[in-house]
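Coordinates from start-v8.pdb are shown below (PDB, C-alpha atoms).
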```
ATOM      1  CA  MET D1096      -0.686 -16.432  -0.399
ATOM      2  CA  PRO D1097      -2.030 -17.175   3.070
ATOM      3  CA  GLU D1098      -0.436 -14.059   4.572
ATOM      4  CA  SER D1099      -2.082 -11.720   2.072
ATOM      5  CA  ARG D1100      -5.580 -10.321   1.719
ATOM      6  CA  PHE D1101      -7.310  -8.994  -1.376
ATOM      7  CA  LEU D1102      -8.655  -5.582  -0.311
ATOM      8  CA  ALA D1103      -9.739  -3.521  -3.277
ATOM      9  CA  ALA D1104     -10.367  -3.095  -6.981
ATOM     10  CA  CYS D1105      -9.833   0.114  -8.905
ATOM     11  CA  ASP D1106     -10.876   1.021 -12.436
ATOM     12  CA  SER D1107     -11.393   4.240 -14.367
ATOM     13  CA  ASP D1108     -14.804   2.747 -15.211
ATOM     14  CA  PHE D1109     -16.303   2.726 -11.711
ATOM     15  CA  GLN D1110     -19.191   0.457 -12.693
ATOM     16  CA  ARG D1111     -16.712  -2.143 -13.915
ATOM     17  CA  ALA D1112     -14.732  -1.755 -10.664
ATOM     18  CA  ARG D1113     -17.931  -2.258  -8.654
ATOM     19  CA  GLN D1114     -18.869  -5.405 -10.569
ATOM     20  CA  PHE D1115     -15.396  -6.877 -10.161
ATOM     21  CA  ALA D1116     -15.247  -5.889  -6.476
ATOM     22  CA  ALA D1117     -18.637  -7.460  -5.804
ATOM     23  CA  GLU D1118     -17.480 -10.736  -7.340
ATOM     24  CA  TYR D1119     -14.523 -10.886  -4.931
ATOM     25  CA  SER D1120     -16.123  -9.203  -1.888
ATOM     26  CA  VAL D1121     -13.720  -6.259  -1.865
ATOM     27  CA  LYS D1122     -14.223  -2.499  -2.013
ATOM     28  CA  ALA D1123     -14.341  -0.657  -5.348
ATOM     29  CA  TYR D1124     -12.439   2.575  -5.947
ATOM     30  CA  ARG D1125     -12.403   5.168  -8.712
ATOM     31  CA  ASP D1126      -8.696   6.006  -8.711
ATOM     32  CA  VAL D1127      -5.332   4.959  -7.327
ATOM     33  CA  GLU D1128      -5.034   7.897  -4.930
ATOM     34  CA  GLU D1129      -8.335   6.933  -3.313
ATOM     35  CA  VAL D1130      -7.261   3.280  -2.950
ATOM     36  CA  ILE D1131      -3.969   4.271  -1.326
ATOM     37  CA  ALA D1132      -5.571   6.814   1.024
ATOM     38  CA  GLN D1133      -8.455   4.643   2.194
ATOM     39  CA  SER D1134      -7.624   0.939   1.931
ATOM     40  CA  GLY D1135      -4.532   0.518   4.119
ATOM     41  CA  LEU D1136      -2.836  -1.625   1.503
ATOM     42  CA  HIS D1137       0.852  -2.545   1.475
ATOM     43  CA  SER D1138       1.030  -3.577  -2.180
ATOM     44  CA  LEU D1139      -0.925  -2.517  -5.263
ATOM     45  CA  ASN D1140      -0.860  -4.584  -8.446
ATOM     46  CA  VAL D1141      -0.905  -2.502 -11.631
ATOM     47  CA  CYS D1142      -2.893  -4.311 -14.330
ATOM     48  CA  THR D1143      -3.596  -1.471 -16.745
ATOM     49  CA  PRO D1144      -2.832  -1.548 -20.487
ATOM     50  CA  HIS D1145       0.949  -1.299 -21.039
ATOM     51  CA  PRO D1146       1.086   2.415 -21.965
ATOM     52  CA  LEU D1147      -0.798   3.246 -18.733
ATOM     53  CA  HIS D1148       1.476   1.433 -16.246
ATOM     54  CA  ALA D1149       3.643   4.406 -15.250
ATOM     55  CA  GLY D1150       0.943   6.722 -13.867
ATOM     56  CA  PRO D1151      -0.453   4.447 -11.167
ATOM     57  CA  ALA D1152       2.912   2.763 -10.533
ATOM     58  CA  VAL D1153       4.686   6.074  -9.851
ATOM     59  CA  LYS D1154       1.849   7.370  -7.627
ATOM     60  CA  THR D1155       1.794   4.110  -5.695
ATOM     61  CA  ALA D1156       5.563   3.976  -5.207
ATOM     62  CA  GLN D1157       5.643   7.640  -4.143
ATOM     63  CA  ALA D1158       3.053   6.771  -1.484
ATOM     64  CA  GLY D1159       5.394   4.120  -0.062
ATOM     65  CA  VAL D1160       3.426   1.138  -1.356
ATOM     66  CA  HIS D1161       5.060  -1.838  -3.122
ATOM     67  CA  VAL D1162       4.117  -2.239  -6.799
ATOM     68  CA  PRO D1163       3.948  -5.519  -8.737
ATOM     69  CA  ILE D1164       3.253  -4.608 -12.377
ATOM     70  CA  GLU D1165       1.951  -6.821 -15.157
ATOM     71  CA  LYS D1166       4.616  -7.237 -17.811
ATOM     72  CA  PRO D1167       6.122  -5.312 -19.375
ATOM     73  CA  LEU D1168       7.239  -2.854 -16.715
ATOM     74  CA  ALA D1169       6.218  -0.008 -19.054
ATOM     75  CA  SER D1170       6.030   0.752 -22.747
ATOM     76  CA  SER D1171       8.855   3.289 -22.884
ATOM     77  CA  LEU D1172      12.274   3.739 -21.327
ATOM     78  CA  GLU D1173      11.144   7.103 -19.947
ATOM     79  CA  ASP D1174       8.221   5.445 -18.118
ATOM     80  CA  CYS D1175      10.490   2.674 -16.790
ATOM     81  CA  ASP D1176      12.903   5.287 -15.471
ATOM     82  CA  ALA D1177      10.059   7.205 -13.778
ATOM     83  CA  ILE D1178       8.800   4.039 -12.058
ATOM     84  CA  LEU D1179      12.268   2.997 -10.898
ATOM     85  CA  THR D1180      13.133   6.515  -9.712
ATOM     86  CA  ALA D1181       9.940   6.686  -7.629
ATOM     87  CA  ALA D1182      10.671   3.272  -6.120
ATOM     88  CA  ASN D1183      14.289   4.108  -5.332
ATOM     89  CA  LYS D1184      13.305   7.385  -3.637
ATOM     90  CA  SER D1185      10.657   5.756  -1.463
ATOM     91  CA  GLY D1186      12.410   2.431  -0.848
ATOM     92  CA  VAL D1187       9.561   0.252  -2.091
ATOM     93  CA  LYS D1188       9.875  -2.851  -4.227
ATOM     94  CA  ILE D1189       8.849  -2.872  -7.878
ATOM     95  CA  GLY D1190       8.433  -6.101  -9.788
ATOM     96  CA  THR D1191       6.993  -7.409 -12.999
ATOM     97  CA  VAL D1192       4.597 -10.315 -13.001
ATOM     98  CA  GLY D1193       5.666 -13.388 -14.957
ATOM     99  CA  GLN D1194       2.572 -15.550 -14.987
ATOM    100  CA  ARG D1195       4.357 -18.599 -16.372
ATOM    101  CA  ARG D1196       7.013 -18.802 -13.669
ATOM    102  CA  PHE D1197       5.261 -21.777 -12.028
ATOM    103  CA  TYR D1198       4.766 -23.777 -15.243
ATOM    104  CA  ALA D1199       6.659 -27.070 -15.044
ATOM    105  CA  PRO D1200       8.836 -26.351 -18.137
ATOM    106  CA  CYS D1201       9.805 -22.930 -16.767
ATOM    107  CA  GLN D1202      10.679 -24.380 -13.386
ATOM    108  CA  ARG D1203      12.749 -27.099 -15.065
ATOM    109  CA  ILE D1204      14.702 -24.447 -16.982
ATOM    110  CA  ARG D1205      15.209 -22.422 -13.786
ATOM    111  CA  ARG D1206      16.548 -25.495 -11.956
ATOM    112  CA  ALA D1207      18.936 -26.185 -14.836
ATOM    113  CA  ILE D1208      20.225 -22.609 -14.631
ATOM    114  CA  ASP D1209      20.534 -22.690 -10.823
ATOM    115  CA  GLU D1210      22.351 -26.050 -10.935
ATOM    116  CA  GLY D1211      24.776 -24.829 -13.619
ATOM    117  CA  LYS D1212      23.652 -27.493 -16.081
ATOM    118  CA  ILE D1213      23.604 -25.115 -19.046
ATOM    119  CA  GLY D1214      26.628 -22.998 -18.242
ATOM    120  CA  CYS D1215      26.703 -19.301 -17.450
ATOM    121  CA  LEU D1216      23.519 -17.781 -18.783
ATOM    122  CA  VAL D1217      24.109 -14.550 -20.687
ATOM    123  CA  LEU D1218      20.994 -14.243 -22.814
ATOM    124  CA  GLY D1219      17.766 -16.171 -23.192
ATOM    125  CA  SER D1220      15.114 -16.004 -25.865
ATOM    126  CA  VAL D1221      11.828 -17.832 -26.183
ATOM    127  CA  ALA D1222       9.383 -18.024 -29.072
ATOM    128  CA  MET D1223       6.036 -19.190 -27.755
ATOM    129  CA  TYR D1224       3.004 -19.574 -29.919
ATOM    130  CA  GLY D1225      -0.412 -19.136 -28.385
ATOM    131  CA  TRP D1226      -3.966 -18.853 -29.573
ATOM    132  CA  ARG D1227      -6.878 -16.876 -28.220
ATOM    133  CA  ASP D1228     -10.322 -16.997 -29.745
ATOM    134  CA  GLN D1229     -12.350 -13.974 -30.794
ATOM    135  CA  ALA D1230     -14.267 -13.974 -27.488
ATOM    136  CA  TYR D1231     -11.008 -13.236 -25.664
ATOM    137  CA  HIS D1232     -10.241 -10.230 -27.858
ATOM    138  CA  LYS D1233     -13.799  -8.890 -27.572
ATOM    139  CA  SER D1234     -13.994  -9.390 -23.803
ATOM    140  CA  ASP D1235     -12.831  -5.861 -22.980
ATOM    141  CA  PRO D1236     -12.896  -2.912 -25.365
TER
END
```
Once you've parsed the file, please lay out its structure as structure tokens.
Amino acid sequence: MPESRFLAACDSDFQRARQFAAEYSVKAYRDVEEVIAQSGLHSLNVCTPHPLHAGPAVKTAQAGVHVPIEKPLASSLEDCDAILTAANKSGVKIGTVGQRRFYAPCQRIRRAIDEGKIGCLVLGSVAMYGWRDQAYHKSDP
């Protein structure tokens, strides 16, 4: 987005954060608290493994920073509640990232819903088959 700037990368493996940050010319950080305190960001994307979403999301929301989170929001109802409670208390926005929202078929479905072409939507379900080679699964331990 033209009005946004990529400022920082954070990883529990600082060397990995440094390598990633160097690739994108941003600053590397060791932990979420450090990013929030030093970077001046307005939004922090949480891209951790699913069971680790709540920790950084709650800390970020409590600091008054908006939090887009890779799907799913969290891996337990308790973690979802903690994230939403932190956001509600601080007034920040929480959202989950849906990477396929700009795919032509998804946009066509959205238009059909918005235009009332398929009635009043109550429930939707999708079965999507995908394939990833072994290199993908070995790319990050």
Please provide the set of residues having any atom within 12 Å of His1161 of chain D, restricted to only C-alpha atoms, with same-chain residues fewer than 6 positions apart removed, written as JSON, numbers by chain. {"D": [1131, 1136, 1137, 1138, 1139, 1140, 1141, 1151, 1152, 1153, 1154, 1155, 1178, 1179, 1181, 1182, 1183, 1185, 1186, 1187, 1188, 1189, 1190, 1191]}
In Å to one decimal, how far is atom CA of Ala1149 of chain D from atom CA of Leu1218 of chain D? 26.6 Å
Have a look at atom CA of Ala1177 of chain D and atom CA of Val1192 of chain D and let me know their distance in Å, one decimal.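 Computed distance, atom CA of Ala1177 of chain D to atom CA of Val1192 of chain D, equals 18.4 Å.
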In Å, rounded to a single decimal, give me how far atom CA of Ala1103 of chain D is from atom CA of Lys1122 of chain D.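 Pair atom CA of Lys1122 of chain D / atom CA of Ala1103 of chain D returns 4.8 Å.
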Restricting the calculation to only C-alpha atoms, which member of D:Lys1212, D:Lys1166, D:Arg1206, D:His1232 is positioned closest to Gly1193 of chain D?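 Among the listed residues, the smallest separation from Gly1193 of chain D belongs to D:Lys1166.
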May I have the centre and edge lengths, in Å to one decimal, of an axis-aligned box around the listed atoms of segment 1139-1147 of chain D with 8 Å added to every side, as JSON?
```
{"center_x": -1.3, "center_y": -0.7, "center_z": -13.6, "size_x": 20.7, "size_y": 23.8, "size_z": 32.7}
```
Option closest in space to Glu1129 of chain D, from D:Cys1142, D:Ile1204, D:Ala1116, D:Cys1105 [counting only C-alpha atoms]: D:Cys1105
Please write as a PyMOL selection string the list of polymer residues whose atoms come within 7 Å of (3.8, 1.8, -17.3), counting all atoms listed in the file and keeping to the coordinates of the file. chain D and resi 1145-1150+1152+1168-1170+1174-1175
I'd like to know which of D:Ala1117, D:Asp1235, D:Val1130, D:Cys1215 is closest to Thr1143 of chain D, using all atoms listed in the file.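 That would be D:Asp1235, the residue with the smallest distance to Thr1143 of chain D.
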Start from the incomplete input, build N, CA and C atoms for segment 1188-1207 of chain D, and deliver everything as a PDB file, in the coordinates of the input.
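Below you can see part_1.pdb, which holds the result:
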```pdb
ATOM      1  N   LYS D1188       9.489  -1.865  -3.229  1.00  0.00           N
ATOM      2  CA  LYS D1188       9.875  -2.851  -4.227  1.00  0.00           C
ATOM      3  C   LYS D1188       8.948  -2.748  -5.434  1.00  0.00           C
ATOM      4  N   ILE D1189       9.563  -2.843  -6.607  1.00  0.00           N
ATOM      5  CA  ILE D1189       8.849  -2.872  -7.878  1.00  0.00           C
ATOM      6  C   ILE D1189       9.161  -4.227  -8.495  1.00  0.00           C
ATOM      7  N   GLY D1190       8.182  -4.835  -9.109  1.00  0.00           N
ATOM      8  CA  GLY D1190       8.433  -6.101  -9.788  1.00  0.00           C
ATOM      9  C   GLY D1190       7.490  -6.274 -10.955  1.00  0.00           C
ATOM     10  N   THR D1191       7.891  -7.086 -11.897  1.00  0.00           N
ATOM     11  CA  THR D1191       6.993  -7.409 -12.999  1.00  0.00           C
ATOM     12  C   THR D1191       6.488  -8.833 -12.820  1.00  0.00           C
ATOM     13  N   VAL D1192       5.254  -9.023 -13.169  1.00  0.00           N
ATOM     14  CA  VAL D1192       4.597 -10.315 -13.001  1.00  0.00           C
ATOM     15  C   VAL D1192       4.933 -11.199 -14.202  1.00  0.00           C
ATOM     16  N   GLY D1193       5.412 -12.382 -13.921  1.00  0.00           N
ATOM     17  CA  GLY D1193       5.666 -13.388 -14.957  1.00  0.00           C
ATOM     18  C   GLY D1193       4.740 -14.560 -14.683  1.00  0.00           C
ATOM     19  N   GLN D1194       3.605 -14.584 -15.341  1.00  0.00           N
ATOM     20  CA  GLN D1194       2.572 -15.550 -14.987  1.00  0.00           C
ATOM     21  C   GLN D1194       2.956 -16.990 -15.272  1.00  0.00           C
ATOM     22  N   ARG D1195       3.981 -17.220 -16.047  1.00  0.00           N
ATOM     23  CA  ARG D1195       4.357 -18.599 -16.372  1.00  0.00           C
ATOM     24  C   ARG D1195       5.490 -19.129 -15.490  1.00  0.00           C
ATOM     25  N   ARG D1196       5.877 -18.394 -14.481  1.00  0.00           N
ATOM     26  CA  ARG D1196       7.013 -18.802 -13.669  1.00  0.00           C
ATOM     27  C   ARG D1196       6.786 -20.109 -12.926  1.00  0.00           C
ATOM     28  N   PHE D1197       5.536 -20.527 -12.730  1.00  0.00           N
ATOM     29  CA  PHE D1197       5.261 -21.777 -12.028  1.00  0.00           C
ATOM     30  C   PHE D1197       4.938 -22.923 -12.977  1.00  0.00           C
ATOM     31  N   TYR D1198       4.970 -22.690 -14.280  1.00  0.00           N
ATOM     32  CA  TYR D1198       4.766 -23.777 -15.243  1.00  0.00           C
ATOM     33  C   TYR D1198       5.929 -24.754 -15.117  1.00  0.00           C
ATOM     34  N   ALA D1199       5.623 -26.038 -15.202  1.00  0.00           N
ATOM     35  CA  ALA D1199       6.659 -27.070 -15.044  1.00  0.00           C
ATOM     36  C   ALA D1199       7.856 -26.853 -15.976  1.00  0.00           C
ATOM     37  N   PRO D1200       7.658 -26.560 -17.269  1.00  0.00           N
ATOM     38  CA  PRO D1200       8.836 -26.351 -18.137  1.00  0.00           C
ATOM     39  C   PRO D1200       9.690 -25.162 -17.690  1.00  0.00           C
ATOM     40  N   CYS D1201       9.049 -24.101 -17.225  1.00  0.00           N
ATOM     41  CA  CYS D1201       9.805 -22.930 -16.767  1.00  0.00           C
ATOM     42  C   CYS D1201      10.584 -23.245 -15.504  1.00  0.00           C
ATOM     43  N   GLN D1202       9.978 -24.003 -14.608  1.00  0.00           N
ATOM     44  CA  GLN D1202      10.679 -24.380 -13.386  1.00  0.00           C
ATOM     45  C   GLN D1202      11.850 -25.320 -13.692  1.00  0.00           C
ATOM     46  N   ARG D1203      11.672 -26.193 -14.674  1.00  0.00           N
ATOM     47  CA  ARG D1203      12.749 -27.099 -15.065  1.00  0.00           C
ATOM     48  C   ARG D1203      13.931 -26.300 -15.623  1.00  0.00           C
ATOM     49  N   ILE D1204      13.640 -25.302 -16.436  1.00  0.00           N
ATOM     50  CA  ILE D1204      14.702 -24.447 -16.982  1.00  0.00           C
ATOM     51  C   ILE D1204      15.399 -23.700 -15.846  1.00  0.00           C
ATOM     52  N   ARG D1205      14.628 -23.160 -14.918  1.00  0.00           N
ATOM     53  CA  ARG D1205      15.209 -22.422 -13.786  1.00  0.00           C
ATOM     54  C   ARG D1205      16.141 -23.322 -12.969  1.00  0.00           C
ATOM     55  N   ARG D1206      15.696 -24.558 -12.703  1.00  0.00           N
ATOM     56  CA  ARG D1206      16.548 -25.495 -11.956  1.00  0.00           C
ATOM     57  C   ARG D1206      17.845 -25.771 -12.712  1.00  0.00           C
ATOM     58  N   ALA D1207      17.740 -25.933 -14.022  1.00  0.00           N
ATOM     59  CA  ALA D1207      18.936 -26.185 -14.836  1.00  0.00           C
ATOM     60  C   ALA D1207      19.900 -25.012 -14.750  1.00  0.00           C
TER      61      ALA D1207
END
```
